[in-house]
Amino acid sequence: MKKLVLLLFVGFLLVDCSTVPITGRKRVNFVKDAEVLPTSFAQYKGFLEKNKLSTNAEMTNQVKEVGKNVSAAVDRFMRANGMKAEADSYRWEFNLVEDKTVNAWCMPGGKVVFYTGIMPICANEDGVAAVMGHEVAHAFAKHGQERMSSAQIQQLGGAAVAIGTSSKDPKAAQIWNLAYGVGSQVGMLAFSRTHEDEADKLGLVFMIMAGYDGKEAAEVWVRMSKLSGGKQGPEFLSTHPSNESRIESLRNYLPEATKLAEKFNTQTANLKK
């Protein structure tokens with residue numbers, strides 16, 4: 001039984017590795033789009049039914065227009081790089097919800113929500129594009145599916161630890177289980193930071209492809225830092241990189257993102273859907 005669990009654990013890691021386009025990061029994802037997208041679309045519809053859409057026509061139109069442009073850049077990239085089936089599976093939708101929370105999110109399959117509370121942080125159309133690019137990038141890189149896969153692996157790992165310590169005395173088993181729990185929690189936090197950093201970089205490429213000013217991506221986080229008064233907990237225990245590290249990373253990556261955006265725009269210039 002012990003060997004079986006361990007073999008299954010290793011098997012997941014070896015068989016279901018793929019690569020995130022553009023960044024080249026290796027990921028483990030065995031959750032198929034067909035399993036998650038119907039639920040994602042249903043949850044999004046339910047959320048909109050329970051929450052008030054913004055009546056601010058100007059801001060709403062801005063979110064929708066920027067969303068259309070950024071998602072079109074993503075769509076062009078996918079169709080030009082052997083990802084037509086994935087491109088066809090997205091159901092892009094962009095809505096602005098009346099809520100003072102400073103937040104925005106994108107569900108698997110391209111369902112995006114901005115809260116009115118984040119609009120002052122965006123400050124302008126390029127700022128909206130920076131946040132939009134980041135959120136759309138989460139869907140593009142399938143971070144939601146990857147997190148689901150990681151959670152399943154984590155559960156399997158917990159089972160392996162339980163089996164592996166079953167012959168030990170109870171105190172030793174408790175120590176091993178505690179160590180695994182703490183380690184896996186911190187590991188998952190770091191994993192989430194990896195997703196955030198990747199979404200920052202991919203989003204920067206996509207917003208520039210769509211014709212927006214990439215310099216504004218870092219400025220969004222400058223404004224976010226001012227809003228929070230510069231306060232943030234230790235980065236290694238946070239699910240997000242610190243504001244300061246994001247600002248530095250985005251500024252450093254801007255030249256590379258600009259080159260990639262130009263390359264992909266040239267590649268897709270004559271592409272027809």
# chains A, B, ... in the order shown; residues from 1 in each chain; ligands from 1
$ residues_around --residues "Asn95 of chain A" --least-positions-apart "6" --cutoff "9 Å" --atoms "only C-alpha atoms" --output "short mmCIF file (atom, residue, chain, number, x, y, z; two decimals) with N, CA and C atoms, in the first residue's frame"
data_model
loop_
_atom_site.label_atom_id
_atom_site.label_comp_id
_atom_site.auth_asym_id
_atom_site.auth_seq_id
_atom_site.Cartn_x
_atom_site.Cartn_y
_atom_site.Cartn_z
N LEU A 48 -23.02 37.17 -10.50
CA LEU A 48 -23.61 38.37 -11.09
C LEU A 48 -25.06 38.54 -10.68
N LEU A 53 -24.39 45.24 -10.38
CA LEU A 53 -23.49 45.79 -11.39
C LEU A 53 -23.43 47.30 -11.25
N SER A 54 -22.28 47.87 -11.56
CA SER A 54 -22.11 49.31 -11.46
C SER A 54 -23.02 50.03 -12.45
N THR A 60 -17.83 51.33 -16.55
CA THR A 60 -18.24 50.01 -17.05
C THR A 60 -17.76 49.81 -18.49
N VAL A 63 -13.97 49.21 -18.61
CA VAL A 63 -13.60 47.84 -18.24
C VAL A 63 -13.90 46.87 -19.38
N LYS A 64 -15.06 47.02 -19.99
CA LYS A 64 -15.45 46.11 -21.07
C LYS A 64 -14.56 46.31 -22.30
N LYS A 111 -13.80 34.58 -17.31
CA LYS A 111 -14.87 35.37 -16.71
C LYS A 111 -14.28 36.35 -15.70
N VAL A 112 -14.33 37.65 -16.02
CA VAL A 112 -13.63 38.68 -15.25
C VAL A 112 -14.61 39.58 -14.51
N VAL A 113 -14.25 39.93 -13.28
CA VAL A 113 -14.99 40.93 -12.50
C VAL A 113 -14.00 41.96 -11.95
N PHE A 114 -14.33 43.23 -12.15
CA PHE A 114 -13.66 44.33 -11.48
C PHE A 114 -14.62 44.87 -10.43
N TYR A 115 -14.09 45.25 -9.26
CA TYR A 115 -14.89 45.95 -8.27
C TYR A 115 -14.65 47.45 -8.43
#
$ residues_around --residues "Thr258 of chain A" --least-positions-apart "4" --cutoff "8 Å" --atoms "only C-alpha atoms" --output "JSON, numbers by chain"
{"A": [205, 208, 214, 254, 262]}
$ closest_residue --among "A:Gly109, A:Gly117, A:Pro38, A:Gly211" --to "Asn69 of chain A" --atoms "only C-alpha atoms"
A:Gly211
$ select_by_dssp --residues "segment 42-133 of chain A" --states "alpha helix (DSSP H)" --output "ChimeraX atom specification"
/A:42-50,57-80,84-89,119-122,125-133
$ atom_distance --atom1 "atom CA of Thr268 of chain A" --atom2 "atom CA of Ser89 of chain A"
19.5 Å
$ residues_around --residues "Glu65 of chain A" --least-positions-apart "5" --cutoff "10 Å" --atoms "only C-alpha atoms" --output "PyMOL selection string"
chain A and resi 59-60+70-71+94+125+129
$ residues_around --residues "Lys263 of chain A" --least-positions-apart "3" --cutoff "12 Å" --atoms "only C-alpha atoms" --output "PyMOL selection string"
chain A and resi 22+77+80+205-206+208-209+256-260+266-269
$ residues_around --residues "Val136 of chain A" --least-positions-apart "5" --cutoff "12 Å" --atoms "only C-alpha atoms" --output "ChimeraX atom specification"
/A:66-75,90-94,104-114,128-131,141-144,196,198-207
$ residues_around --residues "Val20 of chain A" --least-positions-apart "3" --cutoff "12 Å" --atoms "only C-alpha atoms" --output "NGL selection string"
:A and (17 or 23-29 or 78 or 83 or 137-143 or 146 or 195 or 198-199 or 202)
$ atom_distance --atom1 "atom CA of Asp33 of chain A" --atom2 "atom CA of Arg79 of chain A"
17.3 Å
$ closest_residue --among "A:Thr116, A:Thr194, A:Asn81, A:Asn243" --to "Gln62 of chain A" --atoms "only C-alpha atoms"
A:Thr116
$ decode --residues "segment 24-38 of chain A" --atoms "C-alpha atoms" --output "PDB file, in the first residue's frame"
ATOM      1  CA  GLY A  24       8.325  28.402 -19.976  1.00  0.00           C
ATOM      2  CA  ARG A  25       7.549  27.418 -16.372  1.00  0.00           C
ATOM      3  CA  LYS A  26       6.867  23.739 -15.793  1.00  0.00           C
ATOM      4  CA  ARG A  27       3.512  23.047 -14.165  1.00  0.00           C
ATOM      5  CA  VAL A  28       1.560  20.022 -12.964  1.00  0.00           C
ATOM      6  CA  ASN A  29      -2.037  20.123 -14.126  1.00  0.00           C
ATOM      7  CA  PHE A  30      -4.278  17.085 -14.463  1.00  0.00           C
ATOM      8  CA  VAL A  31      -7.597  18.967 -14.089  1.00  0.00           C
ATOM      9  CA  LYS A  32      -9.154  19.138 -17.544  1.00  0.00           C
ATOM     10  CA  ASP A  33     -10.971  22.215 -18.858  1.00  0.00           C
ATOM     11  CA  ALA A  34     -14.064  20.105 -19.500  1.00  0.00           C
ATOM     12  CA  GLU A  35     -14.200  19.367 -15.768  1.00  0.00           C
ATOM     13  CA  VAL A  36     -13.825  22.925 -14.494  1.00  0.00           C
ATOM     14  CA  LEU A  37     -15.182  25.370 -17.104  1.00  0.00           C
ATOM     15  CA  PRO A  38     -18.913  24.523 -16.831  1.00  0.00           C
TER      16      PRO A  38
END
